[in-house]
Structures are given as structure tokens and as C-alpha cells.
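> Structure file entry-v1.txt (compact mmCIF, C-alpha atoms and all ligand atoms) right here:
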```txt
# COMPACT_ATOMS: atom_id res chain seq x y z
CA MET A 5 74.39 50.27 124.64
CA THR A 6 75.28 47.30 122.45
CA ARG A 7 72.71 44.72 121.50
CA TYR A 8 74.35 42.26 123.86
CA GLU A 9 74.25 44.72 126.75
CA SER A 10 70.60 45.35 126.14
CA ALA A 11 69.89 41.60 125.95
CA LYS A 12 71.83 41.08 129.17
CA GLU A 13 69.53 43.57 130.92
CA ILE A 14 66.40 41.92 129.59
CA TYR A 15 67.57 38.48 130.68
CA ARG A 16 68.55 39.88 134.05
CA SER A 17 64.98 41.04 134.57
CA PHE A 18 64.01 37.38 134.17
CA GLY A 19 66.61 36.36 136.72
CA VAL A 20 68.98 34.95 134.10
CA ASP A 21 72.70 35.73 134.11
CA THR A 22 73.91 35.75 130.50
CA GLU A 23 77.58 35.94 131.51
CA LYS A 24 77.24 32.75 133.50
CA ALA A 25 75.46 31.07 130.60
CA LEU A 26 78.25 32.03 128.18
CA LEU A 27 80.89 30.64 130.51
CA ARG A 28 79.00 27.41 131.09
CA LEU A 29 78.44 26.86 127.38
CA ASN A 30 82.17 27.07 126.76
CA GLU A 31 82.72 24.18 129.13
CA ILE A 32 80.33 21.66 127.56
CA PRO A 33 82.20 19.36 125.20
CA ILE A 34 80.58 18.22 121.98
CA SER A 35 81.96 15.14 120.30
CA VAL A 36 82.05 15.83 116.58
CA HIS A 37 81.88 12.81 114.26
CA CYS A 38 84.63 12.41 111.68
CA TRP A 39 82.27 10.64 109.26
CA GLN A 40 80.35 13.61 107.85
CA GLY A 41 83.30 14.48 105.59
CA ASP A 42 83.50 11.38 103.43
CA ASP A 43 79.98 9.93 103.50
CA VAL A 44 80.93 7.33 106.14
CA LEU A 45 83.27 5.37 103.88
CA GLY A 46 86.44 5.34 105.97
CA PHE A 47 89.96 4.39 104.94
CA ASP A 48 89.94 0.63 105.19
CA GLY A 49 88.56 -0.39 101.85
CA ALA A 50 84.80 0.15 101.69
CA ASP A 51 83.58 1.74 98.48
CA SER A 52 79.95 1.84 99.52
CA LEU A 53 77.99 2.09 102.71
CA SER A 54 75.83 -0.73 104.06
CA GLY A 55 74.28 -1.87 107.30
CA GLY A 56 70.99 -0.09 107.10
CA ILE A 57 72.47 3.39 106.81
CA GLN A 58 72.85 5.51 103.69
CA THR A 59 74.15 8.82 102.53
CA THR A 60 72.27 10.42 99.70
CA GLY A 61 73.53 13.11 97.34
CA ASN A 62 76.63 13.67 95.30
CA TYR A 63 77.80 17.17 96.19
CA LEU A 64 81.27 18.01 94.97
CA GLY A 65 84.32 17.72 97.16
CA ARG A 66 83.98 14.52 99.19
CA ALA A 67 87.20 13.84 101.11
CA ARG A 68 88.75 10.87 99.30
CA THR A 69 91.92 10.42 101.31
CA PRO A 70 92.94 10.71 104.94
CA GLU A 71 94.79 13.94 104.11
CA GLU A 72 91.69 15.47 102.58
CA LEU A 73 89.50 14.43 105.49
CA LEU A 74 91.89 15.91 108.03
CA GLN A 75 92.09 19.11 106.05
CA ASP A 76 88.28 19.34 105.98
CA ILE A 77 87.91 18.59 109.66
CA GLU A 78 90.40 21.31 110.48
CA LYS A 79 88.45 23.78 108.37
CA ALA A 80 85.11 22.74 109.83
CA PHE A 81 86.41 22.86 113.41
CA SER A 82 87.73 26.38 112.83
CA LEU A 83 84.12 27.46 112.25
CA MET A 84 82.62 25.60 115.22
CA PRO A 85 82.54 27.42 118.52
CA GLY A 86 82.96 25.71 121.87
CA LYS A 87 84.81 22.77 123.35
CA LYS A 88 85.09 19.88 120.94
CA ARG A 89 86.08 16.24 121.00
CA LEU A 90 86.70 14.23 117.85
CA ASN A 91 84.71 11.05 117.32
CA ILE A 92 86.45 8.39 115.24
CA HIS A 93 85.24 5.14 113.73
CA ALA A 94 87.52 2.11 113.47
CA CYS A 95 87.14 2.09 109.68
CA TYR A 96 89.17 5.32 109.68
CA ALA A 97 92.36 3.48 110.66
CA PHE A 98 95.61 4.77 109.22
CA LEU A 99 96.81 1.39 108.05
CA GLY A 100 99.91 2.41 106.11
CA THR A 101 101.87 -0.65 105.07
CA ASP A 102 99.43 -2.88 106.98
CA LYS A 103 96.75 -2.13 104.41
CA GLY A 104 95.51 -5.37 102.89
CA LEU A 105 97.45 -7.37 105.47
CA LEU A 106 95.54 -6.63 108.63
CA ASP A 107 91.81 -6.88 109.13
CA ARG A 108 89.62 -5.20 111.72
CA ASP A 109 90.28 -7.98 114.21
CA ALA A 110 93.93 -6.92 114.30
CA TYR A 111 93.84 -3.13 114.40
CA SER A 112 95.82 -1.54 117.17
CA TYR A 113 96.43 1.86 118.69
CA LYS A 114 99.26 2.69 116.31
CA HIS A 115 96.73 2.83 113.46
CA PHE A 116 94.93 5.60 115.27
CA GLU A 117 97.82 7.55 116.69
CA PRO A 118 97.71 10.01 113.78
CA TRP A 119 94.14 10.83 114.82
CA VAL A 120 95.19 11.49 118.38
CA ASP A 121 98.07 13.69 117.25
CA PHE A 122 95.77 15.55 114.90
CA ALA A 123 93.07 16.02 117.55
CA LYS A 124 95.68 17.45 119.89
CA LYS A 125 97.00 19.72 117.18
CA ILE A 126 93.61 21.25 116.51
CA GLY A 127 92.92 21.71 120.20
CA CYS A 128 90.38 18.97 120.91
CA ASP A 129 89.36 18.11 124.42
CA GLY A 130 89.72 14.41 123.69
CA VAL A 131 88.71 11.71 121.24
CA ASP A 132 85.93 9.14 121.27
CA PHE A 133 85.89 5.84 119.44
CA ASN A 134 83.58 3.38 117.71
CA PRO A 135 84.24 -0.15 116.50
CA THR A 136 82.88 -0.44 112.96
CA PHE A 137 80.51 -3.38 112.65
CA PHE A 138 79.28 -2.58 109.14
CA ALA A 139 80.31 -2.10 105.50
CA HIS A 140 82.72 -5.01 105.61
CA PRO A 141 82.96 -8.42 103.85
CA LYS A 142 83.00 -10.29 107.18
CA MET A 143 79.39 -9.33 107.84
CA LYS A 144 77.52 -12.54 107.11
CA ASP A 145 73.90 -12.26 106.01
CA GLY A 146 73.97 -8.74 107.42
CA LEU A 147 74.97 -9.96 110.88
CA SER A 148 78.03 -9.31 113.03
CA LEU A 149 77.97 -9.90 116.81
CA SER A 150 74.68 -11.81 116.58
CA SER A 151 75.74 -14.12 113.76
CA PRO A 152 74.96 -17.83 114.18
CA ASP A 153 78.18 -18.51 112.28
CA GLU A 154 80.79 -18.97 114.98
CA ALA A 155 83.76 -17.74 112.90
CA THR A 156 81.90 -14.57 111.96
CA ARG A 157 80.82 -13.90 115.51
CA ALA A 158 84.34 -14.51 116.81
CA PHE A 159 85.83 -12.13 114.24
CA TRP A 160 83.56 -9.31 115.39
CA VAL A 161 84.09 -10.03 119.08
CA GLU A 162 87.79 -9.72 118.44
CA HIS A 163 87.22 -6.42 116.63
CA GLY A 164 85.33 -5.23 119.70
CA LYS A 165 88.13 -6.25 122.04
CA ARG A 166 90.77 -4.54 119.89
CA SER A 167 88.59 -1.45 119.82
CA LEU A 168 88.33 -1.35 123.60
CA GLU A 169 92.11 -1.45 123.81
CA ILE A 170 92.44 1.33 121.26
CA ALA A 171 89.85 3.40 123.11
CA ALA A 172 91.72 2.95 126.39
CA GLU A 173 94.91 4.25 124.80
CA MET A 174 93.01 7.19 123.40
CA GLY A 175 91.63 8.01 126.82
CA ARG A 176 95.07 7.74 128.35
CA ALA A 177 96.57 9.98 125.67
CA PHE A 178 94.29 12.83 126.73
CA GLY A 179 93.99 11.97 130.40
CA LYS A 180 90.23 11.86 129.82
CA PRO A 181 88.10 8.75 129.37
CA CYS A 182 87.12 7.80 125.84
CA LEU A 183 83.52 6.92 125.11
CA MET A 184 83.43 3.76 123.03
CA ASN A 185 80.08 3.29 121.40
CA ILE A 186 78.85 -0.04 120.10
CA TRP A 187 76.31 0.04 117.33
CA ILE A 188 75.60 -2.94 115.10
CA PRO A 189 73.22 -3.08 112.15
CA ASP A 190 72.20 -6.71 112.73
CA GLY A 191 68.60 -7.44 111.92
CA TYR A 192 66.13 -8.87 109.42
CA LYS A 193 64.18 -7.40 106.55
CA ASP A 194 61.25 -9.74 107.05
CA VAL A 195 59.48 -11.55 109.82
CA PRO A 196 62.08 -13.56 111.74
CA ALA A 197 61.51 -17.13 112.83
CA ASP A 198 63.61 -16.56 115.93
CA ARG A 199 63.83 -13.27 117.76
CA LEU A 200 65.45 -14.50 120.94
CA GLY A 201 68.35 -16.50 119.49
CA PRO A 202 70.10 -13.52 117.89
CA ARG A 203 69.68 -11.49 121.06
CA LEU A 204 71.18 -14.22 123.20
CA ARG A 205 74.13 -14.41 120.82
CA LEU A 206 74.55 -10.62 120.95
CA LYS A 207 74.47 -10.76 124.74
CA LYS A 208 77.12 -13.47 124.75
CA SER A 209 79.29 -11.54 122.28
CA LEU A 210 79.09 -8.33 124.30
CA ASP A 211 79.93 -10.22 127.48
CA GLU A 212 83.00 -11.72 125.79
CA MET A 213 84.06 -8.34 124.44
CA LEU A 214 83.65 -6.58 127.76
CA GLU A 215 85.18 -9.31 129.88
CA ASN A 216 88.25 -7.32 130.62
CA TYR A 217 88.60 -3.69 129.63
CA ASP A 218 90.24 -0.65 131.12
CA LYS A 219 87.54 0.85 133.32
CA GLU A 220 89.59 3.93 134.04
CA TRP A 221 89.91 5.14 130.48
CA VAL A 222 87.02 3.65 128.53
CA ILE A 223 83.31 4.23 128.89
CA PRO A 224 81.58 1.55 126.82
CA ALA A 225 78.15 2.44 125.48
CA VAL A 226 75.50 0.54 123.54
CA GLU A 227 73.31 2.22 120.92
CA SER A 228 69.90 0.82 120.06
CA LYS A 229 67.90 1.25 116.88
CA VAL A 230 64.34 0.40 116.03
CA PHE A 231 64.92 -0.38 112.35
CA GLY A 232 67.26 0.26 109.43
CA ILE A 233 67.06 0.25 105.66
CA GLY A 234 66.82 -3.41 104.69
CA VAL A 235 66.27 -4.43 108.30
CA GLU A 236 62.75 -3.12 108.68
CA SER A 237 61.14 -5.99 110.56
CA TYR A 238 63.57 -6.64 113.35
CA THR A 239 66.79 -5.29 114.84
CA VAL A 240 68.68 -7.41 117.32
CA GLY A 241 69.88 -4.43 119.37
CA ASN A 242 66.62 -2.69 120.12
CA ASN A 243 65.99 -0.33 123.00
CA GLU A 244 64.78 -2.87 125.56
CA PHE A 245 67.68 -5.19 124.86
CA TYR A 246 70.36 -2.56 125.34
CA GLN A 247 68.81 -0.78 128.28
CA ASN A 248 68.66 -4.01 130.19
CA TYR A 249 72.09 -4.99 129.01
CA ALA A 250 73.64 -1.69 130.09
CA ALA A 251 71.86 -1.67 133.45
CA SER A 252 72.86 -5.22 134.30
CA ARG A 253 76.46 -4.81 133.16
CA GLY A 254 77.19 -1.37 134.55
CA ILE A 255 77.86 0.25 131.20
CA CYS A 256 76.24 3.18 129.45
CA CYS A 257 73.29 3.60 127.09
CA LEU A 258 73.68 5.75 124.02
CA LEU A 259 70.48 7.31 122.76
CA ASP A 260 70.45 8.30 119.09
CA ASN A 261 67.40 10.49 118.60
CA GLY A 262 66.94 9.10 115.10
CA HIS A 263 66.46 5.56 116.38
CA TYR A 264 62.99 5.51 117.89
CA HIS A 265 59.40 5.46 116.75
CA PRO A 266 58.44 8.86 115.31
CA THR A 267 56.42 10.06 118.30
CA GLU A 268 58.91 8.87 120.91
CA VAL A 269 61.33 11.57 122.01
CA VAL A 270 64.82 11.26 123.44
CA SER A 271 64.32 14.43 125.50
CA ASP A 272 61.91 12.44 127.66
CA LYS A 273 64.21 9.44 127.90
CA ILE A 274 67.23 11.40 129.17
CA PRO A 275 65.77 12.17 132.63
CA SER A 276 64.53 8.58 132.98
CA LEU A 277 68.03 7.30 132.45
CA LEU A 278 69.52 10.00 134.67
CA ALA A 279 67.44 8.55 137.49
CA PHE A 280 69.49 5.35 137.21
CA TYR A 281 72.78 6.01 135.41
CA ASP A 282 75.81 8.21 136.08
CA THR A 283 76.47 8.59 132.38
CA VAL A 284 74.13 8.87 129.42
CA ALA A 285 75.51 9.22 125.91
CA LEU A 286 73.77 10.84 122.97
CA HIS A 287 73.94 10.77 119.21
CA VAL A 288 72.27 13.98 118.24
CA THR A 289 70.78 13.88 114.78
CA ARG A 290 67.54 14.85 113.00
CA PRO A 291 65.25 12.05 111.95
CA ILE A 292 63.06 12.55 108.89
CA ARG A 293 60.63 9.73 108.03
CA TRP A 294 62.85 6.71 107.32
CA ASP A 295 66.15 8.55 107.63
CA SER A 296 67.77 8.94 111.01
CA ASP A 297 70.68 11.11 109.96
CA HIS A 298 69.73 14.54 108.61
CA VAL A 299 71.84 17.55 109.61
CA VAL A 300 70.95 18.78 113.10
CA LEU A 301 68.97 22.04 113.13
CA PHE A 302 67.86 24.38 115.91
CA GLU A 303 64.42 22.84 116.29
CA ASP A 304 61.99 22.09 119.07
CA GLU A 305 63.12 18.60 119.99
CA LEU A 306 66.75 19.69 120.00
CA LYS A 307 65.83 22.47 122.42
CA GLU A 308 64.02 19.97 124.63
CA ILE A 309 67.07 17.69 124.63
CA ALA A 310 69.30 20.61 125.62
CA LYS A 311 66.89 21.63 128.38
CA GLU A 312 67.03 18.16 129.92
CA ILE A 313 70.81 18.29 129.95
CA VAL A 314 71.06 21.78 131.38
CA ARG A 315 68.27 21.95 133.93
CA ASN A 316 69.15 18.58 135.42
CA ASP A 317 72.73 19.71 135.95
CA ALA A 318 73.81 16.91 133.70
CA THR A 319 76.28 18.67 131.43
CA GLU A 320 78.99 16.30 132.64
CA LYS A 321 76.87 13.18 132.90
CA VAL A 322 75.44 13.47 129.41
CA LYS A 323 78.04 12.88 126.71
CA ILE A 324 76.91 14.80 123.67
CA GLY A 325 77.94 13.39 120.30
CA LEU A 326 76.78 14.36 116.84
CA ASP A 327 75.74 11.80 114.23
CA TYR A 328 74.51 12.91 110.82
CA PHE A 329 75.71 12.66 107.25
CA ASP A 330 74.57 14.64 104.27
CA ALA A 331 76.17 14.33 100.85
CA SER A 332 73.69 16.59 99.09
CA ILE A 333 75.12 19.92 100.30
CA ASN A 334 78.56 21.27 101.05
CA ARG A 335 79.82 18.80 103.66
CA ILE A 336 81.73 21.40 105.68
CA SER A 337 78.63 23.53 105.91
CA ALA A 338 76.60 20.51 106.99
CA TRP A 339 79.10 19.78 109.75
CA VAL A 340 79.20 23.37 111.01
CA THR A 341 75.45 23.92 110.80
CA GLY A 342 74.80 20.87 112.97
CA GLU A 343 77.44 21.69 115.56
CA ARG A 344 76.27 25.29 115.82
CA ALA A 345 72.67 24.13 116.17
CA MET A 346 73.66 21.98 119.14
CA GLN A 347 75.53 24.89 120.70
CA LYS A 348 72.57 27.18 120.12
CA ALA A 349 70.22 24.74 121.79
CA LEU A 350 72.50 24.50 124.82
CA LEU A 351 72.78 28.27 125.06
CA TYR A 352 69.01 28.57 124.68
CA ALA A 353 68.54 26.16 127.58
CA LEU A 354 71.16 27.92 129.70
CA LEU A 355 69.28 31.20 129.20
CA LEU A 356 65.98 29.92 130.55
CA PRO A 357 64.85 30.77 134.08
CA ASN A 358 64.86 27.06 134.80
CA ASP A 359 64.55 27.22 138.59
CA ALA A 360 61.65 29.65 138.43
CA LEU A 361 59.86 27.47 135.90
CA LYS A 362 60.36 24.35 138.01
CA ALA A 363 58.99 26.19 141.04
CA LEU A 364 55.84 27.08 139.12
CA GLN A 365 55.39 23.43 138.19
CA ASP A 366 55.85 22.29 141.77
CA ALA A 367 53.44 24.95 142.99
CA GLY A 368 50.88 23.63 140.55
CA ASP A 369 50.63 27.04 138.90
CA PHE A 370 50.19 25.70 135.41
CA THR A 371 48.60 28.86 134.06
CA GLN A 372 51.64 30.96 134.89
CA LEU A 373 53.95 28.18 133.82
CA MET A 374 52.45 28.13 130.34
CA TYR A 375 52.46 31.92 130.21
CA CYS A 376 56.15 32.10 131.18
CA GLN A 377 57.25 29.27 128.93
CA GLU A 378 55.70 31.12 126.00
CA ARG A 379 57.09 34.46 127.05
CA VAL A 380 60.71 33.38 127.24
CA LYS A 381 60.59 32.15 123.65
CA THR A 382 60.88 35.68 122.27
CA LEU A 383 63.71 36.93 124.49
CA PRO A 384 66.69 38.31 122.50
CA PHE A 385 68.50 34.99 122.34
CA GLY A 386 70.16 35.85 119.01
CA ASP A 387 72.07 38.76 120.53
CA VAL A 388 73.59 36.53 123.19
CA TRP A 389 74.45 33.92 120.56
CA GLU A 390 76.27 36.54 118.50
CA GLU A 391 78.17 37.63 121.58
CA TYR A 392 79.19 34.02 122.17
CA LEU A 393 80.49 33.76 118.62
CA ALA A 394 82.31 37.07 118.85
CA ARG A 395 84.07 35.97 122.03
CA ALA A 396 85.10 32.79 120.21
CA GLY A 397 86.53 34.96 117.42
CA MET A 398 83.79 33.85 115.04
CA LYS A 399 80.93 35.40 113.12
CA ASP A 400 77.42 34.23 112.51
CA ASP A 401 78.30 34.19 108.82
CA TYR A 402 80.21 31.01 108.16
CA TYR A 403 78.84 30.67 104.66
CA THR A 404 81.42 33.03 103.14
CA ASP A 405 84.24 30.95 104.61
CA VAL A 406 82.63 27.73 103.44
CA LEU A 407 82.24 29.09 99.94
CA ASP A 408 85.86 30.29 99.77
CA TYR A 409 86.99 26.85 100.86
CA GLU A 410 84.73 25.22 98.30
CA LYS A 411 86.25 27.35 95.52
CA SER A 412 89.86 27.02 96.60
CA VAL A 413 89.94 23.41 97.85
CA LEU A 414 86.84 21.31 97.22
CA GLU A 415 86.26 22.20 93.57
CA ARG A 416 89.76 21.01 92.73
CA ARG A 417 88.98 17.49 93.93
CA LYS A 418 88.02 16.01 90.60
C1 LIG B 1 73.45 4.17 112.65
C2 LIG B 1 73.94 4.67 113.95
C3 LIG B 1 75.42 4.77 114.10
C4 LIG B 1 76.13 5.31 112.88
C5 LIG B 1 77.56 5.66 113.09
C6 LIG B 1 78.28 5.85 111.80
O1 LIG B 1 72.11 4.29 112.49
O2 LIG B 1 73.36 5.89 114.25
O3 LIG B 1 75.71 5.50 115.22
O4 LIG B 1 75.45 6.43 112.36
O5 LIG B 1 78.14 4.75 113.92
ZN ZN B 2 74.04 6.96 115.93
```
For the file at hand, write its structure as C-alpha cells.

Amino acid sequence: MTRYESAKEIYRSFGVDTEKALLRLNEIPISVHCWQGDDVLGFDGADSLSGGIQTTGNYLGRARTPEELLQDIEKAFSLMPGKKRLNIHACYAFLGTDKGLLDRDAYSYKHFEPWVDFAKKIGCDGVDFNPTFFAHPKMKDGLSLSSPDEATRAFWVEHGKRSLEIAAEMGRAFGKPCLMNIWIPDGYKDVPADRLGPRLRLKKSLDEMLENYDKEWVIPAVESKVFGIGVESYTVGNNEFYQNYAASRGICCLLDNGHYHPTEVVSDKIPSLLAFYDTVALHVTRPIRWDSDHVVLFEDELKEIAKEIVRNDATEKVKIGLDYFDASINRISAWVTGERAMQKALLYALLLPNDALKALQDAGDFTQLMYCQERVKTLPFGDVWEEYLARAGMKDDYYTDVLDYEKSVLERRK
């Protein structure tokens, strides 16, 4: 009997069908961010990151050109099991001869067509999109959509509108809607004199942006954040603002689990939103103290997030996206480690006797519930995970591949 066969028997005795879990896992798309490969710099001119986010570290081999980034994504994706989408930021436009001539308020689909072609080539399930409201000279006093300067605000509204058009084309190209996530870094380092004004301007800007977009192919989402580096006292787009905005406008909330107070958890927010929304989007990351963007690992809160997706039958409603950036280790390894951690958490959740556990809760049998929840933690999950990888033509060891690639490709980037 193989280890998988033995694990299958053990899970069966708990009423869990491992075959079903493996099939379901294969069907859950994960949107993988393009920005882990080049420390979130993009192709449209930024030479440093700003807007309250930072990458730290100087590991060798950062992708410096579009060609290098594509090459790295292809490598990383070849080591990631499961169904993947590619998540692209507007600052990754292929501008060609338009470089220096066109600004973000004039980007169009043609600047992103190479991404769509590439995503198709590497077998993606679709692409997602993000306007880039940061790391750009048109940010005024750190503000974009909430700026009191009318020209600045108008520039960013236009960028948002262009982005919605691009996203619609992307959705159409795959025949699957494109999630377009709006995150802005706008905020203040110190105590503001006006907290409402910026929020009213943001509301107005979003309304202008969203006046007329393609509802068939774009799912607009808004991502809140409690603070950023340099904007510690106040962020315009906080949780309450965006949840009310999304609810009143019929769009979607995106929860980044690095964007809340340290004892607040996104796993508990997901079911609250599922009670009201058809779609909930996620940026899965790992917050550490002030940083919201460490590489995702197979940890408790990630497992809780996955449980909420799986046991609420929300694998289609919840759009899972990854959002982390680490420049202190091999970037391909960072990418793969995070994606595999997400997959592991989903598999872990799929392998729980969820209905039986719910029944214990409803029966008020909290003693047995605690006993069972502890017991299932030591089931042979690893053997099922290895089977999943084997069926995807992969091994648990991706380090050897990463190291070969580092030696043959990354080390030459000097
Ligand atoms: C920043 C937000 C945002 C970005 C990306 C690059 O704190 O999480 O989602 O990380 O858009
Ligand atoms: Zn995010």
C-alpha cells in the first residue's frame, strides 16, 4: 500500500473523500501577482517604490526588463500546482514606442496584449488587473483619487477609467471576467485637520470612474488599508469607507489580510461579507508587525481563511489573489512558496470533515467539537499533498529547480 493509499483509508474513516478533495483543489483558481519578480517596480519608469509599501532586501537576480520578468514568471508557474490566473498592475504596461509619450491616463489594451498572449501561452485561466495609483510623479502630496488638486484628481480618475476598459478587454480575451482591484495609498503621516473631505473626494472620484464600465467582463473591487509606511495616522480608504462604498454601489470588497489591526482576522470577515455579497476578493499575504507583505506560509490564519472559503461552498464566490513581495531571498522561491502554501491550506480545508464538525457545533456538543478539531490536525495531510503534486507532475522539492535556475539564469543578471 502506498502512503497515499493508506492516507486515503484513514481519511475515509473520518468520512472524508481524498479523491474528491484533490479534484476540487484543481478547480480553484489562484490569481498570482506579477509584482513579486521585480520588487513592484514595473516597466513604466519608476526606479523606487513609494505609496506606503516597501520591498526590503537585495537578493541577486531581480527581473530588470519585461523579458526577464516573463521568463521568471514562466519558471515560477512551472513549479506551482493548480489552476492559476495572472494578476497584472498597470505599471507593467508594454509601452514600446509610446514610452515617454503616453502617461497612465492614456494607457490602452494594446499595451497589455503581450501579457494576455503570455498568460494564454503558459496556460493561465485568465488575467486580473490593477490600476497603479502609486510610485508616480503625478501623485501630489502622496494623494491620488482623494487629492484636493483638481488636475491631479482628474488625472487619476482617467487612469481608473482607462484601466476599467483594459480590464474589460482582458476579461473578453479569456471569456472570463477580470477582477479589477482599486487600491490607493492616500493618507497622512500625522493627525489630519480634515478626515471627511478626502473621503468625499475619493467617493466622488470612484463614482466618476465607475460611471460606465463593462459589467459583463469586469468585477471592480476596492481594497482598504488601515495604515501604510509614512501614512500612519490616517488612510482615506479604510475598511468602513470601502465596505459602505462597495455595498452601496454594487461592487466588490477586496480584503488584504495584511491591512487590518493585528488582532483582527480576515478569516472572520469572509463569512460576514458572504452574508451580503456574491463576490469577495482576497489579497492573501502574511503580515508581520508593520509589514503587510511577507511571503505567505502554511500557518494558522491561512488555514482559517481556507476553511471559510471551502466550508461555505464559496470557492467560486471568493476570488483568491496573492500579494506579497520579498527581495531578501530568491524571488522565484518566494513566489512558489507562497502559492504552494495557499494550495496547501485549501487542500487542508478540503480534507476536513466539515459537515460533521458543523453538526457538532449546532448540536452544542462543544466537548466533542474541540476533541475532533484537535484530532484532525494530525491526519496524514502531507501524503495527500504529495499525491496532489505527483498528479500535477511536480515534486515537493522545488528548491533544486530554483537553485539550478539561480545558477543558470539569475546569477548572470549583473
Ligand atoms: C498595498 C496593497 C496593494 C499592493 C499591490 C501592489 O498595501 O496591498 O494591493 O500590494 O497593489
Ligand atoms: Zn493588497
> Pick out the residues no farther than 9 Å from ligand LIG 1 (chain B), counting only C-alpha atoms and all ligand atoms, and list them as a VMD selection string.
chain A and resid 37 39 to 40 44 55 to 58 93 134 to 138 185 to 189 227 to 229 231 to 232 260 to 263 287 289 295 to 297 327 to 329
> Let me make sure I understand: among A:Asp400, A:Asp198, A:Asp129, A:Glu305, which one has the smallest atom-to-atom distance to Val240 of chain A if we use all atoms listed in the file?
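Looking at the shortest contact to Val240 of chain A, the residue is A:Asp198.
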> May I ask for the distance between atom CA of Val120 of chain A and atom CA of Cys182 of chain A, given in Å to one decimal place?
11.6 Å
> What does the distance from atom CA of Asn216 of chain A to atom CA of Ile170 of chain A come to in Å, to one decimal?
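For atom CA of Asn216 of chain A relative to atom CA of Ile170 of chain A, the distance reads 13.4 Å.
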> Residues proximal to (86.6, 29.7, 110.3) were defined as those with any atom within 7 Å of that point in the file's coordinates, counting only C-alpha atoms. Which are they, as a VMD selection string?
chain A and resid 79 82 to 83 398 402 405
> Would you list the contacts of Val388 of chain A as a PyMOL selection string, taking every protein, DNA or RNA residue within 10 Å and counting only C-alpha atoms, but skipping same-chain residues closer than 5 positions in sequence?
chain A and resi 7-12+15+22-23+25-26+348+351-352+355+383+393-394
> For the selection you just gave me, I'd like the residues written to a file as a short mmCIF file (atom, residue, chain, number, x, y, z; two decimals), in the coordinates of the input, keeping C-alpha atoms.

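Wrote it out as again-v9.cif, contents follow:
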```cif
data_model
loop_
_atom_site.label_atom_id
_atom_site.label_comp_id
_atom_site.auth_asym_id
_atom_site.auth_seq_id
_atom_site.Cartn_x
_atom_site.Cartn_y
_atom_site.Cartn_z
CA ARG A 7 72.71 44.72 121.50
CA TYR A 8 74.35 42.26 123.86
CA GLU A 9 74.25 44.72 126.75
CA SER A 10 70.60 45.35 126.14
CA ALA A 11 69.89 41.60 125.95
CA LYS A 12 71.83 41.08 129.17
CA TYR A 15 67.57 38.48 130.68
CA THR A 22 73.91 35.75 130.50
CA GLU A 23 77.58 35.94 131.51
CA ALA A 25 75.46 31.07 130.60
CA LEU A 26 78.25 32.03 128.18
CA LYS A 348 72.57 27.18 120.12
CA LEU A 351 72.78 28.27 125.06
CA TYR A 352 69.01 28.57 124.68
CA LEU A 355 69.28 31.20 129.20
CA LEU A 383 63.71 36.93 124.49
CA LEU A 393 80.49 33.76 118.62
CA ALA A 394 82.31 37.07 118.85
#
```
> Which residue gives the smallest distance to ligand ZN 2 (chain B) among A:Ala396, A:Ala353, A:Leu361, A:Val288, with only C-alpha atoms and all ligand atoms counted?
A:Val288
> Could you check which residues have any atom within 7 Å of (90.4, 12.6, 117.4), counting only C-alpha atoms with coordinates taken straight from the file, and then list them as a VMD selection string?
chain A and resid 89 to 92 119 to 120 122 to 123 130 to 132
> Rank nothing, just name the residue among A:Lys307, A:Arg68, A:His265, A:Arg417 nearest to Leu356 of chain A, using only C-alpha atoms.
A:Lys307
> Using all atoms listed in the file, can you tell me which of A:Ala94, A:Ile313, A:Leu29, A:Ala225 comes closest to ligand ZN 2 (chain B)?
A:Ala225
> Output as a tab-separated table one row per residue of segment 317-389 of chain A within 12 Å of segment 275-285 of chain A: the closest atom pair and its distance in Å to one decimal place, counting only C-alpha atoms, sorted by chain and residue number ascending.

```
residue	atom	partner	partner_atom	distance
A:Asp317	CA	A:Leu278	CA	10.3
A:Ala318	CA	A:Leu278	CA	8.2
A:Thr319	CA	A:Thr283	CA	10.1
A:Glu320	CA	A:Thr283	CA	8.1
A:Lys321	CA	A:Thr283	CA	4.6
A:Val322	CA	A:Val284	CA	4.8
A:Lys323	CA	A:Ala285	CA	4.5
A:Ile324	CA	A:Ala285	CA	6.2
A:Gly325	CA	A:Ala285	CA	7.4
A:Leu326	CA	A:Ala285	CA	10.5
A:Asp327	CA	A:Ala285	CA	12.0
```
> Out of A:Arg290, A:Lys399, A:Arg108, A:Arg199, which residue has the shortest atom-to-atom distance to ligand ZN 2 (chain B) when counting only C-alpha atoms and all ligand atoms?
A:Arg290
> For atom CA of Phe81 of chain A and atom CA of Asp304 of chain A, determine how far apart the two atoms are, in Å to one decimal place.
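So the answer is 25.1 Å.
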> Quick one: everything within 12 Å of Gly104 of chain A, counting all atoms listed in the file, minus sequence neighbours fewer than 6 positions away in the same chain. Send it as JSON, numbers by chain.
{"A": [47, 48, 49, 98, 110, 111]}
> Determine the nearest neighbour of ligand ZN 2 (chain B) from the options A:Gly164, A:Gly146, A:Gly41, A:Pro291, counting all atoms listed in the file.
A:Pro291
> Hey, could you pull the box centre and edge lengths for segment 86-104 of chain A, axis-aligned, 5 Å padding per side, all listed atoms, to one decimal in Å, as AutoDock Vina command-line options?

```
--center_x 92.4 --center_y 10.2 --center_z 113.1 --size_x 28.9 --size_y 41.1 --size_z 30.5
```
> So that I can see what lies close to Val226 of chain A, please list as a list of chain:residue names the residues with an atom at most 10 Å from it, counting all atoms listed in the file and leaving out residues fewer than 6 positions away in the same chain.
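Final neighbour list, sorted by chain and number: A:Met184, A:Asn185, A:Ile186, A:Trp187, A:Ile188, A:Leu210, A:Gly241, A:Asn243, A:Phe245, A:Tyr246, A:Gln247, A:Tyr249, A:Ala250, A:Ile255, A:Cys256, A:Cys257, A:Leu258, A:Leu259, A:Ala285.
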